[in-house]
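A.B. asks: So I've got this file, start_5.cif, and it contains mmCIF, C-alpha atoms:
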data_coords
#
loop_
_atom_site.label_atom_id
_atom_site.label_comp_id
_atom_site.auth_asym_id
_atom_site.auth_seq_id
_atom_site.Cartn_x
_atom_site.Cartn_y
_atom_site.Cartn_z
CA MET A 1 0.00 0.00 0.00
CA ALA A 2 1.42 3.38 -0.98
CA ARG A 3 1.76 6.06 1.69
CA LEU A 4 0.12 9.49 1.53
CA GLY A 5 1.99 12.66 2.39
CA VAL A 6 -0.19 15.78 2.59
CA ASN A 7 1.34 19.12 1.70
CA ILE A 8 -0.15 21.86 3.88
CA ASP A 9 1.60 24.82 2.23
CA HIS A 10 -1.75 25.91 0.80
CA VAL A 11 -3.22 26.30 4.28
CA ALA A 12 -0.37 28.68 5.10
CA THR A 13 -0.92 30.51 1.80
CA LEU A 14 -4.49 31.28 2.82
CA ARG A 15 -3.33 32.49 6.23
CA GLN A 16 -0.67 34.75 4.72
CA ALA A 17 -3.22 36.30 2.34
CA ARG A 18 -4.70 38.22 5.28
CA GLY A 19 -1.63 38.34 7.49
CA GLY A 20 -3.44 36.85 10.45
CA THR A 21 -3.33 33.52 12.26
CA ASP A 22 -6.10 31.60 10.52
CA PRO A 23 -6.23 29.02 9.13
CA ASP A 24 -3.52 27.50 11.27
CA PRO A 25 -1.21 24.99 9.53
CA LEU A 26 -0.58 23.31 12.89
CA THR A 27 -4.26 22.55 13.33
CA ALA A 28 -4.34 21.29 9.76
CA ALA A 29 -1.41 18.97 10.50
CA ILE A 30 -3.23 17.44 13.46
CA LEU A 31 -6.37 16.85 11.41
CA VAL A 32 -4.39 15.37 8.52
CA GLU A 33 -2.77 12.83 10.82
CA LEU A 34 -6.08 11.99 12.51
CA ALA A 35 -7.54 11.35 9.05
CA GLY A 36 -4.94 8.67 8.37
CA ALA A 37 -2.24 10.42 6.34
CA ASP A 38 1.21 8.92 6.63
CA GLY A 39 3.06 12.20 6.77
CA LEU A 40 3.14 15.97 6.39
CA VAL A 41 4.96 17.89 3.69
CA VAL A 42 5.96 21.58 3.92
CA HIS A 43 8.08 23.73 1.64
CA LEU A 44 10.08 26.41 3.42
CA ARG A 45 10.75 28.80 0.55
CA GLU A 46 13.43 31.46 0.45
CA ASP A 47 10.78 34.20 0.22
CA ARG A 48 8.66 32.63 3.02
CA ARG A 49 5.51 33.15 0.97
CA HIS A 50 3.57 30.55 2.95
CA ILE A 51 5.27 28.31 5.54
CA GLN A 52 7.25 30.31 8.10
CA ASP A 53 10.23 29.26 10.23
CA ARG A 54 8.03 29.16 13.34
CA ASP A 55 5.59 26.83 11.55
CA LEU A 56 8.40 24.43 10.78
CA THR A 57 9.71 24.44 14.34
CA MET A 58 6.24 23.86 15.79
CA LEU A 59 5.42 21.15 13.27
CA ARG A 60 8.53 19.26 14.28
CA GLU A 61 7.16 19.24 17.82
CA ILE A 62 3.68 17.98 16.99
CA VAL A 63 4.00 15.73 13.91
CA ARG A 64 3.86 12.09 14.96
CA THR A 65 3.99 10.44 11.54
CA LYS A 66 6.66 11.84 9.19
CA LEU A 67 7.74 15.40 8.49
CA ASP A 68 9.07 15.95 4.97
CA LEU A 69 10.75 19.33 4.48
CA GLU A 70 10.94 20.55 0.91
CA MET A 71 13.69 23.11 0.37
CA ALA A 72 16.19 24.53 -2.09
CA ALA A 73 19.60 22.90 -2.28
CA ASP A 74 21.60 25.62 -0.56
CA ASP A 75 23.67 26.06 2.59
CA ALA A 76 21.22 28.38 4.39
CA MET A 77 18.36 25.92 4.08
CA ALA A 78 20.60 22.99 5.01
CA LYS A 79 21.49 24.79 8.23
CA ILE A 80 17.81 25.14 9.11
CA ALA A 81 17.15 21.48 8.31
CA LEU A 82 20.03 20.33 10.49
CA SER A 83 18.60 22.37 13.35
CA VAL A 84 14.97 21.24 12.98
CA LYS A 85 15.74 17.60 12.06
CA PRO A 86 12.82 16.64 9.77
CA ASP A 87 12.42 12.95 8.97
CA LEU A 88 13.18 13.60 5.31
CA VAL A 89 14.42 16.53 3.24
CA THR A 90 13.23 16.76 -0.35
CA LEU A 91 15.48 19.00 -2.43
CA VAL A 92 13.54 20.97 -5.03
CA PRO A 93 14.35 23.69 -7.57
CA GLU A 94 13.12 27.12 -6.58
CA ARG A 95 12.58 30.38 -8.43
CA ARG A 96 11.05 33.47 -6.82
CA GLN A 97 8.76 34.29 -9.77
CA GLU A 98 7.08 30.86 -9.98
CA LEU A 99 3.63 30.23 -8.51
CA THR A 100 4.60 26.71 -7.50
CA THR A 101 7.57 24.43 -8.05
CA GLU A 102 8.00 24.03 -11.80
CA GLY A 103 9.96 21.04 -13.04
CA GLY A 104 12.50 18.86 -11.33
CA LEU A 105 16.07 19.34 -10.15
CA ASP A 106 18.70 19.03 -12.85
CA VAL A 107 20.86 16.66 -10.83
CA ALA A 108 22.87 15.49 -13.82
CA ASN A 109 24.19 19.00 -14.62
CA HIS A 110 24.50 20.33 -11.04
CA ARG A 111 25.91 17.25 -9.40
CA ASP A 112 28.61 18.89 -7.26
CA ARG A 113 26.32 21.48 -5.67
CA ILE A 114 23.59 18.97 -4.88
CA GLN A 115 26.08 16.35 -3.74
CA LYS A 116 27.40 18.81 -1.16
CA ILE A 117 23.96 19.31 0.40
CA VAL A 118 23.08 15.60 0.27
CA ASP A 119 26.35 14.74 2.06
CA LEU A 120 25.85 17.49 4.63
CA LEU A 121 22.34 16.31 5.49
CA ARG A 122 23.31 12.64 5.54
CA ASP A 123 26.15 13.39 7.95
CA GLY A 124 23.54 15.08 10.13
CA GLY A 125 21.34 11.98 10.11
CA ILE A 126 18.75 13.27 7.63
CA PRO A 127 17.95 11.23 4.49
CA THR A 128 17.30 13.10 1.27
CA SER A 129 14.90 12.81 -1.61
CA LEU A 130 15.50 14.56 -4.93
CA PHE A 131 12.53 16.00 -6.81
CA VAL A 132 13.32 15.07 -10.41
CA GLU A 133 11.73 14.67 -13.80
CA PRO A 134 10.88 11.07 -14.76
CA SER A 135 14.10 10.89 -16.76
CA LEU A 136 16.42 7.90 -16.67
CA ASP A 137 19.47 10.18 -16.68
CA GLN A 138 18.20 12.09 -13.66
CA ILE A 139 17.44 8.84 -11.81
CA LYS A 140 20.98 7.59 -12.45
CA ALA A 141 22.45 10.90 -11.28
CA ALA A 142 20.36 10.82 -8.08
CA HIS A 143 21.63 7.34 -7.36
CA LYS A 144 25.26 8.33 -7.94
CA ILE A 145 25.19 11.13 -5.39
CA GLY A 146 23.70 8.96 -2.67
CA ALA A 147 20.12 10.16 -2.36
CA ALA A 148 17.84 7.81 -0.44
CA TYR A 149 14.74 8.63 -2.50
CA VAL A 150 13.61 10.31 -5.66
CA GLU A 151 10.27 12.06 -5.97
CA LEU A 152 9.08 11.85 -9.55
CA HIS A 153 7.67 15.11 -10.85
CA THR A 154 4.21 14.28 -12.16
CA GLY A 155 3.40 17.74 -13.52
CA ARG A 156 3.41 16.90 -17.21
CA TYR A 157 1.31 13.80 -16.57
CA SER A 158 -1.15 15.81 -14.49
CA ASN A 159 -1.40 18.63 -17.03
CA ALA A 160 -1.77 16.42 -20.12
CA LYS A 161 -4.66 17.57 -22.32
CA ARG A 162 -4.91 14.52 -24.55
CA SER A 163 -4.96 10.82 -23.77
CA LYS A 164 -1.92 10.19 -25.99
CA GLU A 165 0.09 12.78 -24.09
CA GLU A 166 -1.01 11.32 -20.77
CA ASP A 167 -0.05 7.82 -21.95
CA GLU A 168 3.42 9.03 -22.93
CA GLU A 169 3.97 10.70 -19.57
CA PHE A 170 2.64 7.67 -17.71
CA GLU A 171 5.14 5.48 -19.55
CA ALA A 172 7.99 7.84 -18.67
CA ILE A 173 6.99 7.71 -14.99
CA THR A 174 6.68 3.93 -15.16
CA GLN A 175 10.18 3.47 -16.59
CA ALA A 176 11.73 5.98 -14.20
CA ALA A 177 10.07 4.29 -11.22
CA LYS A 178 11.30 0.88 -12.32
CA LEU A 179 14.88 2.07 -12.75
CA ALA A 180 14.88 3.88 -9.41
CA TYR A 181 13.57 0.79 -7.66
CA LYS A 182 16.17 -1.38 -9.39
CA LEU A 183 18.93 0.96 -8.18
CA GLY A 184 17.66 0.73 -4.61
CA LEU A 185 16.08 4.18 -4.39
CA GLY A 186 12.78 4.75 -2.65
CA VAL A 187 10.25 6.13 -5.13
CA ASN A 188 7.84 8.94 -4.27
CA ALA A 189 5.69 10.92 -6.69
CA GLY A 190 3.91 14.22 -6.68
CA HIS A 191 2.88 17.52 -8.28
CA GLY A 192 -0.52 18.32 -9.69
CA LEU A 193 -2.05 14.99 -8.69
CA THR A 194 -5.81 14.94 -8.19
CA TYR A 195 -8.57 12.58 -7.13
CA LYS A 196 -9.02 11.68 -10.80
CA ASN A 197 -5.51 11.21 -12.14
CA VAL A 198 -3.85 9.57 -9.13
CA LYS A 199 -5.64 6.24 -9.62
CA ARG A 200 -3.57 5.22 -12.61
CA LEU A 201 -0.27 5.95 -10.90
CA ALA A 202 -1.43 4.15 -7.76
CA LYS A 203 -1.22 0.92 -9.73
CA LEU A 204 2.57 1.23 -10.06
CA PRO A 205 4.03 -0.97 -7.30
CA GLU A 206 7.38 0.84 -7.28
CA ILE A 207 5.87 4.11 -6.02
CA VAL A 208 5.85 3.96 -2.22
CA GLU A 209 4.46 7.43 -1.49
CA PHE A 210 2.32 10.10 -3.09
CA ASN A 211 2.76 13.68 -1.91
CA ILE A 212 -0.34 15.73 -2.65
CA GLY A 213 -1.34 19.18 -1.51
CA HIS A 214 -3.47 21.51 -3.61
CA SER A 215 -6.10 18.99 -4.64
CA ILE A 216 -6.68 17.84 -1.06
CA ILE A 217 -6.82 21.35 0.39
CA ALA A 218 -9.18 22.46 -2.41
CA ARG A 219 -11.44 19.47 -1.76
CA SER A 220 -11.41 20.22 1.97
CA VAL A 221 -13.18 23.53 1.32
CA MET A 222 -16.17 21.48 0.21
CA VAL A 223 -16.12 18.44 2.49
CA GLY A 224 -13.72 19.24 5.33
CA LEU A 225 -10.06 18.35 5.71
CA VAL A 226 -10.53 14.99 7.43
CA GLN A 227 -12.92 13.74 4.75
CA ALA A 228 -10.73 15.06 1.94
CA VAL A 229 -7.68 13.20 3.27
CA ARG A 230 -9.65 9.99 3.80
CA GLU A 231 -11.00 10.08 0.25
CA MET A 232 -7.50 10.42 -1.20
CA ARG A 233 -6.16 7.75 1.13
CA GLU A 234 -8.74 5.29 -0.19
CA LEU A 235 -7.79 6.02 -3.80
CA ILE A 236 -4.12 5.09 -3.38
CA ALA A 237 -4.69 2.10 -1.10
#
Using structure tokens, write down the structure from this file.
C.D. replies:
Amino acid sequence: MARLGVNIDHVATLRQARGGTDPDPLTAAILVELAGADGLVVHLREDRRHIQDRDLTMLREIVRTKLDLEMAADDAMAKIALSVKPDLVTLVPERRQELTTEGGLDVANHRDRIQKIVDLLRDGGIPTSLFVEPSLDQIKAAHKIGAAYVELHTGRYSNAKRSKEEDEEFEAITQAAKLAYKLGLGVNAGHGLTYKNVKRLAKLPEIVEFNIGHSIIARSVMVGLVQAVREMRELIA
């Protein structure tokens, strides 16, 4: 059975829109765990547009499942991670002008920089996952630098407009997942996944975890957060 990690950045985005205290990401984290999620995901961005440093510190205190910290591959963020000690760090590309993370890390062409952060975190007892495109070259590069996991970027699959395009992206994810598993990497997947398109990927046995945020938080507006998490949990079981 694949695990479900719920990204609660979007709860913090709503809070930051008014500059107040509601809705509280900490309360959301508690409800997500009570609903049966296997972990929490938060992205501490350089511009702090949603999750704040205090959120991360408090989440480390209350999360009882798994805390996955998404962050850029740089020294400043590594220092924060080593202080907070999340259960997993997922290294992601980050650009200030983007609305959300667009595309995967180019591990193959930035090996030295990423290797440095992976080594630093591993020495501090924190395993790393690399958010990459479903590319065989990127999977091989992630393996070479000693990452424990890869998270396959499912954006192109999720945004496919035609069935042929979706089939092509599904095949790319399938082959990347198989290679990663063969190389001994844990395989996660995420970005743009919804209650409709996750079912097909849930059939891939190599994927051990789906990390989903926007779709669940959007659904929770209609049915409540606990119900929204439970519905997604049932789909990937």
A.B. asks: Take the PyMOL selection byres ((chain A and resi 170) around 12), run it mentally on this structure, and tell me the resulting residues as JSON, numbers by chain.
C.D. replies: {"A": [134, 135, 152, 153, 154, 155, 156, 157, 158, 159, 160, 163, 164, 165, 166, 167, 168, 169, 171, 172, 173, 174, 175, 176, 177, 189, 197, 198, 199, 200, 201, 202, 203, 204]}
A.B. asks: How would the residues just chosen look if you wrote them out with C-alpha atoms as a tab-separated table (two decimals), in the coordinates of the input?
C.D. replies:
chain	number	residue	atom	x	y	z
A	134	PRO	CA	10.88	11.07	-14.76
A	135	SER	CA	14.10	10.89	-16.76
A	152	LEU	CA	9.08	11.85	-9.55
A	153	HIS	CA	7.67	15.11	-10.85
A	154	THR	CA	4.21	14.28	-12.16
A	155	GLY	CA	3.40	17.74	-13.52
A	156	ARG	CA	3.41	16.90	-17.21
A	157	TYR	CA	1.31	13.80	-16.57
A	158	SER	CA	-1.15	15.81	-14.49
A	159	ASN	CA	-1.40	18.63	-17.03
A	160	ALA	CA	-1.77	16.42	-20.12
A	163	SER	CA	-4.96	10.82	-23.77
A	164	LYS	CA	-1.92	10.19	-25.99
A	165	GLU	CA	0.09	12.78	-24.09
A	166	GLU	CA	-1.01	11.32	-20.77
A	167	ASP	CA	-0.05	7.82	-21.95
A	168	GLU	CA	3.42	9.03	-22.93
A	169	GLU	CA	3.97	10.70	-19.57
A	171	GLU	CA	5.14	5.48	-19.55
A	172	ALA	CA	7.99	7.84	-18.67
A	173	ILE	CA	6.99	7.71	-14.99
A	174	THR	CA	6.68	3.93	-15.16
A	175	GLN	CA	10.18	3.47	-16.59
A	176	ALA	CA	11.73	5.98	-14.20
A	177	ALA	CA	10.07	4.29	-11.22
A	189	ALA	CA	5.69	10.92	-6.69
A	197	ASN	CA	-5.51	11.21	-12.14
A	198	VAL	CA	-3.85	9.57	-9.13
A	199	LYS	CA	-5.64	6.24	-9.62
A	200	ARG	CA	-3.57	5.22	-12.61
A	201	LEU	CA	-0.27	5.95	-10.90
A	202	ALA	CA	-1.43	4.15	-7.76
A	203	LYS	CA	-1.22	0.92	-9.73
A	204	LEU	CA	2.57	1.23	-10.06
A.B. asks: Name the residues that the PyMOL selection byres ((chain A and resi 110) around 12) pulls out of this structure, and write them as a ChimeraX atom specification.
C.D. replies: /A:73,93,105-109,111-117,138,141-142,145
A.B. asks: Can you work out which one of A:Ala78, A:Ala37, A:Val208, A:Ala148 has the shortest atom-to-atom distance to A:Leu120, counting all atoms listed in the file?
C.D. replies: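 Of all the options, A:Ala78 lies closest to A:Leu120.
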A.B. asks: Specify as a PyMOL selection string each residue included when the PyMOL selection byres ((chain A and resi 130) around 7) is applied to this file.
C.D. replies: chain A and resi 90-92+128-129+131-132+142+147+149-151
A.B. asks: Store the residues picked out above in a file with C-alpha atoms, as a CSV table (one decimal), in the frame of the given file.
C.D. replies:
chain,number,residue,atom,x,y,z
A,90,THR,CA,13.2,16.8,-0.4
A,91,LEU,CA,15.5,19.0,-2.4
A,92,VAL,CA,13.5,21.0,-5.0
A,128,THR,CA,17.3,13.1,1.3
A,129,SER,CA,14.9,12.8,-1.6
A,131,PHE,CA,12.5,16.0,-6.8
A,132,VAL,CA,13.3,15.1,-10.4
A,142,ALA,CA,20.4,10.8,-8.1
A,147,ALA,CA,20.1,10.2,-2.4
A,149,TYR,CA,14.7,8.6,-2.5
A,150,VAL,CA,13.6,10.3,-5.7
A,151,GLU,CA,10.3,12.1,-6.0
A.B. asks: Considering all atoms listed in the file, return as a list of chain:residue names whatever protein or nucleic-acid residues lie within 8 Å of stretch 20-25 of chain A, sequence-local ones (same chain, fewer than 5 positions apart) excluded.
C.D. replies: A:Ile8, A:Asp9, A:Val11, A:Ala12, A:Leu14, A:Arg15, A:Asp55
A.B. asks: Can you measure atom CA of A:Thr65 to atom CA of A:Gly36 for me? One decimal in Å is fine.
C.D. replies: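 Separation between atom CA of A:Thr65 and atom CA of A:Gly36: 9.6 Å.
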A.B. asks: Padding of 3 Å on every side, edges along x, y and z, all listed atoms of stretch 32-46 of chain A included: what centre and edge lengths in Å, to one decimal, does that box have, as AutoDock Vina command-line options?
C.D. replies:
--center_x 2.9 --center_y 20.1 --center_z 6.5 --size_x 27.0 --size_y 28.8 --size_z 18.1
A.B. asks: Restricting the calculation to all atoms listed in the file: of A:Asn7, A:Gln16, A:Thr194, A:Gln52, which residue gets closest to A:Glu33?
C.D. replies: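 For A:Glu33, the nearest of the candidates is A:Asn7.
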A.B. asks: In Å, how far is it from atom CA of A:Glu70 to atom CA of A:Leu56?
C.D. replies: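 Computing it gives 10.9 Å between the two atoms.
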A.B. asks: What separation in Å, quoted to one decimal, exists between atom CA of A:Ile139 and atom CA of A:Leu88?
C.D. replies: 18.3 Å
A.B. asks: Near A:Gly5, within 8 Å and counting only C-alpha atoms, which residues show up once chain neighbours fewer than 3 positions away are dropped, as number ranges by chain?
C.D. replies: A: 37-41, 209-212
A.B. asks: Please provide the set of residues having any atom within 9 Å of A:Ile62, restricted to all atoms listed in the file, with same-chain residues fewer than 3 positions apart removed, written as JSON, numbers by chain.
C.D. replies: {"A": [26, 29, 30, 58, 59]}
A.B. asks: Starting from the sparse input, extend stretch 190-207 of chain A to N, CA and C atoms and give the output as a compact mmCIF listing (two decimals), keeping the file's coordinate frame.
C.D. replies:
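Listing of part_28.txt after writing:
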# COMPACT_ATOMS: atom_id res chain seq x y z
N GLY A 190 4.79 13.12 -7.02
CA GLY A 190 3.91 14.22 -6.68
C GLY A 190 4.02 15.39 -7.63
N HIS A 191 3.05 16.23 -7.60
CA HIS A 191 2.88 17.52 -8.28
C HIS A 191 1.69 17.45 -9.23
N GLY A 192 0.67 18.21 -8.86
CA GLY A 192 -0.52 18.32 -9.69
C GLY A 192 -1.46 17.13 -9.63
N LEU A 193 -1.19 16.18 -8.76
CA LEU A 193 -2.05 14.99 -8.69
C LEU A 193 -3.40 15.33 -8.08
N THR A 194 -4.45 14.69 -8.62
CA THR A 194 -5.81 14.94 -8.19
C THR A 194 -6.53 13.63 -7.88
N TYR A 195 -7.76 13.76 -7.44
CA TYR A 195 -8.57 12.58 -7.13
C TYR A 195 -8.86 11.77 -8.40
N LYS A 196 -8.76 12.38 -9.55
CA LYS A 196 -9.02 11.68 -10.80
C LYS A 196 -7.78 11.02 -11.39
N ASN A 197 -6.67 11.75 -11.42
CA ASN A 197 -5.51 11.21 -12.14
C ASN A 197 -4.56 10.37 -11.29
N VAL A 198 -4.77 10.33 -9.98
CA VAL A 198 -3.85 9.57 -9.13
C VAL A 198 -4.09 8.06 -9.23
N LYS A 199 -5.30 7.66 -9.62
CA LYS A 199 -5.64 6.24 -9.62
C LYS A 199 -4.72 5.41 -10.51
N ARG A 200 -4.41 5.95 -11.67
CA ARG A 200 -3.57 5.22 -12.61
C ARG A 200 -2.16 5.02 -12.05
N LEU A 201 -1.61 6.06 -11.47
CA LEU A 201 -0.27 5.95 -10.90
C LEU A 201 -0.25 5.05 -9.67
N ALA A 202 -1.36 4.98 -8.97
CA ALA A 202 -1.43 4.15 -7.76
C ALA A 202 -1.26 2.68 -8.06
N LYS A 203 -1.38 2.32 -9.34
CA LYS A 203 -1.22 0.92 -9.73
C LYS A 203 0.26 0.53 -9.92
N LEU A 204 1.15 1.52 -9.89
CA LEU A 204 2.57 1.23 -10.06
C LEU A 204 3.15 0.79 -8.72
N PRO A 205 3.59 -0.45 -8.60
CA PRO A 205 4.03 -0.97 -7.30
C PRO A 205 5.32 -0.33 -6.80
N GLU A 206 6.11 0.26 -7.69
CA GLU A 206 7.38 0.84 -7.28
C GLU A 206 7.21 2.15 -6.50
N ILE A 207 6.09 2.84 -6.71
CA ILE A 207 5.87 4.11 -6.02
C ILE A 207 5.39 3.82 -4.59
